[in-house]
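Chemist: Below you'll find the structure I mean.
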Amino acid sequence: MKRKLVHHKKFKMNYPSFVVMLLLFVAISSISGQSKHHRRTVLNTTEKWEPGRIDDTRHVVDSFFYKNGTLKEVAESRIKRERFRVIDSIAVNKRKVWAKDGNLVLEENFKDGKRVLVNCYFPPYLNLIPNGSFEKHSEIPPHIIEKCFVNTVQCQPIDSVIRTELVHTHIKDIDTTKYTLITRETRSGCPLDFSRVVMQYVLVEKNGYVIDSIYANSLYSVHKEIYHRSKAHICNYEDIAIIVPGWKSLGRKFPNIYNVESNTPHSPLWGLADRVFYFNSIEGNSFIELSSGGGLANCNPFYNHPLLQTKLNSTMLKGDKYHLEFWLWKPYSYPVDYSLNISFSEHPVTLDNFQNYFHSLVNVESFHDIIVHQWQKVTLSFEAPEFARYMTIGFFNTLKEITPSIQRSSVLSRWCYVDGFILVAHDYKDKALPNFYPESSDFTETSTVDVPVMVFNHQKVEKDTPIVLENILFEVDSYNLLAESIPDLLELVSFMQQHPNRNIEVAGHTDDSGSDEYNKQLSVKRAKAVVQKLIELEIDAARLSWKGYGSTIPVSDNISEEGRSKNRRVEFMVL
């Protein structure tokens with residue numbers, strides 16, 4: 001009996017079916033991206049279709065929520081995607097941030113990804129740095145007093161203690177703590193393998209019980225195959241996931257954080273235990289390490305923990321003066337060529353852009369002084385170089401020196417501990433509220449703020465202080481506004497909408513080319529024309545007034561054309 005041969009048709013997906021499946025995938029991905037703390041709304045989408053490919057640009061609004069469900073932040077952005085992968089994201093229009101109690105703390109206006117208007121309602125005396133003392137963190141793994149590694153060779157290494165020396169005894173109340181320096185040799189047990197490592201560590205005994213074993217240093221190291229045991233008393237941070245809210249390490253995945261109370265994940269005196277016997281915390285029990293040097297740079301200069309970054313609770317105002325203070329603990333007095341620096345930036349520092357910040361770094365001079373093995377307070381006063389939302393601290397010039405072909409061992413290793421960061425407006429440095437212990441970024445103090453800081457086109461606006469509208473232009477000897485004036489007028493409209501309880505006066509000024517009476521009348525008509533345009537743009541007329549001053553208040557000479565051009569101007573002033 002012959003079997004019937006059946007030919008199965010090969011499944012073939014046509015182009016419409018492919019598109020439908022892609023759209024379904026996008027929809028599912030979009031839904032899965034939502035959470036109770038984040039919601040995205042797509043306002044509009046512009047799509048570009050090609051066979052087997054869809055590219056799009058989306059105008060979206062992202063809403064973020066606190067854990068209690070109250071609104072935290074709303075931001076607009078324009079996202080460009082190719083083959084469903086985001087290749088660009090630009091902030092547009094507005095961004096607002098609220099406190100948990102519902103009070104508005106920050107408003108920002110963007111144009112082509114750049115901040116053009118910032119209104120800061122954040123209390124000038126409240127710490128801008130979230131979790132400034134690192135007391136909020138996930139669980140830190142327990143300290144391992146002595147860690148034995150699995151032997152990587154067939155024959156067992158041979159350990160022997162060469163020397164034991166009591167180096168310090170500390171008596172407090174009824175407790176006696178002894179520090180014993182152990183010199184230990186490890187030799188290979190393999191035939192014809194003369195590998196040998198001599199290391200030192202300090203054994204800490206309290207009332208007769210061993211409570212710690214701290215690595216001190218390696219005296220001699222020649223090894224072919226035996227495992228290098230000099231790190232037998234330090235946990236590998238590469239495998240430890242410690243979350244520190246508000247902070248991230250630009251190096252390994254998680255920051256190096258220590259807790260003194262539980263002495264975890266290992267002793268902060270690792271490498272110093274033969275000459276430093278005490279370590280006390282300064283602000284709470286937790287602090288963070290910055291470290292650079294050792295190992296290979298490979299393709300990533302952020303190899304250890306050279307940079308630590310935080311997103312500030314609010315935006316710093318460009319040109320305003322600020323006060324920063326924190327605690328520093330360093331093991332050595334480092335030469336001036338090996339500096340500790342701080343950057344304040346509008347955007348986060350990354351592997352791709354860190355070189356852009358070398359010119360605007362704030363140098364920490366205390367990193368070079370003679371104070372070592374103890375906490376010292378660092379205080380800095382400076383002007384914000386831009387509308388900064390991020391602070392990054394660390395060893396920037398280490399990154400500048402190192403290329404992928406250079407071994408980090410050829411560069412001087414440097415490290416330190418930092419704690420207790422406070423950043424406030426300079427005038428409030430003596431009244432600063434550290435806010436170390438509340439939940440990250442909850443702005444609980446904002447209800448006490450009555451008067452916001454006002455900013456227009458990168459300038460701080462104060463009451464009764466005139467601000468020049470740079471691009472308000474008229475026809476020659478006329479009060480007819482030119483079309484080029486509209487962008488500045490729209491900025492002024494936005495400013496007044498942000499401050500609905502404020503009134504302004506518009507002032508017109510001329511040079512001295514005509515008679516005093518002619519100049520006075522022309523300046524009045526031009527100021528009035530600006531006010532009328534603002535009314536057309538839906539600003540309440542009751543909030544507006546105007547005056548003309550002619551040529552009576554020059555801001556430059558009337559001899560050169562440049563000087564006369566500066567004198568011909570329109571200003572506004574908040575009343």
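In the structure tokens, each chain is lettered A, B, ... as it comes, each chain's residues begin at 1, and ligands are numbered from 1 in order of appearance.
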Counting only C-alpha atoms, what is within 10 Å of Val424 (chain A), bar same-chain residues fewer than 2 positions away, as a ChimeraX atom specification?
Modeler: /A:123-129,316,321-325,422,426-434
Chemist: Determine, counting only C-alpha atoms, which protein, DNA and RNA residues have an atom within 6 Å of an atom of Phe387 (chain A); residues of the same chain fewer than 4 positions away are not included. Present the result as a list in words.
Modeler: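 Close residues of Phe387 (chain A): Met316, Leu317, Lys318 and Glu346 of chain A.
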Chemist: Write out as a list in words which residues come within 8 Å of Ser545 (chain A) when counting only C-alpha atoms, dropping same-chain ones fewer than 6 positions away.
Modeler: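 The contact residues come out as Ile504, Glu505, Val506 and Val531 of chain A.
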Chemist: Keeping C-alpha atoms for every residue in the selection just given, could you write it to a file as a PDB file, in the first residue's frame?
Modeler:
```
ATOM      1  CA  ILE A 504       4.937  94.349  35.526  1.00  0.00           C
ATOM      2  CA  GLU A 505       5.807  97.751  34.142  1.00  0.00           C
ATOM      3  CA  VAL A 506       7.106  98.038  30.569  1.00  0.00           C
ATOM      4  CA  VAL A 531       1.769  96.190  26.412  1.00  0.00           C
TER       5      VAL A 531
END
```
Chemist: Could you give me, as number ranges by chain, each residue of region 487-542 of chain A that DSSP assigns to helix (DSSP H, G or I) when run on this structure's backbone?
Modeler: A: 487-498, 516-536, 541-542
Chemist: Fewer than 3 positions away in the same chain doesn't count, so skip those; otherwise give me all residues within 9 Å of region 533-538 of chain A, counting only C-alpha atoms, as a compact mmCIF listing (two decimals) with C-alpha atoms, in the first residue's frame.
Modeler:
```
# COMPACT_ATOMS: atom_id res chain seq x y z
CA LEU A 481 6.70 96.07 16.28
CA LEU A 489 7.29 88.52 23.89
CA LEU A 490 6.20 84.90 24.12
CA LEU A 492 7.55 87.24 28.70
CA VAL A 493 4.03 85.84 28.40
CA LYS A 528 2.49 100.98 25.03
CA ALA A 529 2.80 98.92 21.82
CA VAL A 530 4.51 96.15 23.77
CA ALA A 541 -4.47 94.35 31.13
CA LEU A 544 0.33 95.73 32.92
```
Chemist: Leaving out Val74 (chain A) and any residue of its chain fewer than 2 positions from it, which residues lie within 8 Å of it when counting only C-alpha atoms, given as a list in words?
Modeler: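 Residues near the query, excluding close chain neighbours: Val61, Asp62, Ser63, Phe64, Lys72, Glu76, Arg95, Lys96 and Val97 of chain A.
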Chemist: Dump C-alpha atoms for the selected residues as an mmCIF file, in the first residue's frame?
Modeler:
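Generated output (selection18.cif):
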```cif
data_model
loop_
_atom_site.group_PDB
_atom_site.id
_atom_site.type_symbol
_atom_site.label_atom_id
_atom_site.label_comp_id
_atom_site.auth_asym_id
_atom_site.auth_seq_id
_atom_site.Cartn_x
_atom_site.Cartn_y
_atom_site.Cartn_z
ATOM 1 C CA VAL A 61 4.288 63.351 28.713
ATOM 2 C CA ASP A 62 5.809 61.315 31.556
ATOM 3 C CA SER A 63 4.167 61.422 34.968
ATOM 4 C CA PHE A 64 5.991 60.159 38.060
ATOM 5 C CA LYS A 72 5.822 63.940 41.919
ATOM 6 C CA GLU A 76 7.350 66.576 28.272
ATOM 7 C CA ARG A 95 8.611 70.216 33.413
ATOM 8 C CA LYS A 96 7.100 70.517 36.900
ATOM 9 C CA VAL A 97 7.995 68.915 40.229
#
```
Chemist: Out of A:Pro335, A:Pro348, A:Pro466, A:Pro51, which residue has the shortest atom-to-atom distance to Ser366 (chain A) when counting only C-alpha atoms?
Modeler: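 Once distances to Ser366 (chain A) are computed over only C-alpha atoms, the minimum belongs to A:Pro335.
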Chemist: So, with only C-alpha atoms as the atoms that count, which of A:Gly102, A:Arg569, A:Met391, A:Ser523 lies closest to Leu473 (chain A)?
Modeler: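 Ranked by minimum distance to Leu473 (chain A), first place goes to A:Arg569.
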Chemist: With a cut-off of 9 Å, could you pull out the residues of region 148-208 of chain A touching region 269-282 of chain A and give me the nearest pair of atoms for each, distance in Å to one decimal, using only C-alpha atoms, ordered by chain and ascending number, as a tab-separated table?
Modeler:
```
residue	atom	partner	partner_atom	distance
A:Val167	CA	A:Asp274	CA	7.8
A:His168	CA	A:Phe277	CA	7.8
A:Tyr179	CA	A:Phe277	CA	7.8
A:Thr180	CA	A:Asp274	CA	8.7
A:Leu181	CA	A:Asp274	CA	6.6
A:Gln200	CA	A:Asp274	CA	8.2
A:Tyr201	CA	A:Ala273	CA	7.2
A:Val202	CA	A:Ala273	CA	6.1
```
Chemist: Using only C-alpha atoms, find the one residue out of A:Asn263, A:Asn435, A:Thr177, A:Ser77 that sits nearest to Ile214 (chain A).
Modeler: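 Checking each of A:Asn263, A:Asn435, A:Thr177, A:Ser77 against Ile214 (chain A), counting only C-alpha atoms, the winner is A:Asn263.
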Chemist: Have a look at CA of Asn503 (chain A) and CA of Glu571 (chain A) and let me know their distance in Å, one decimal.
Modeler: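 Computing it gives 13.8 Å between the two atoms.
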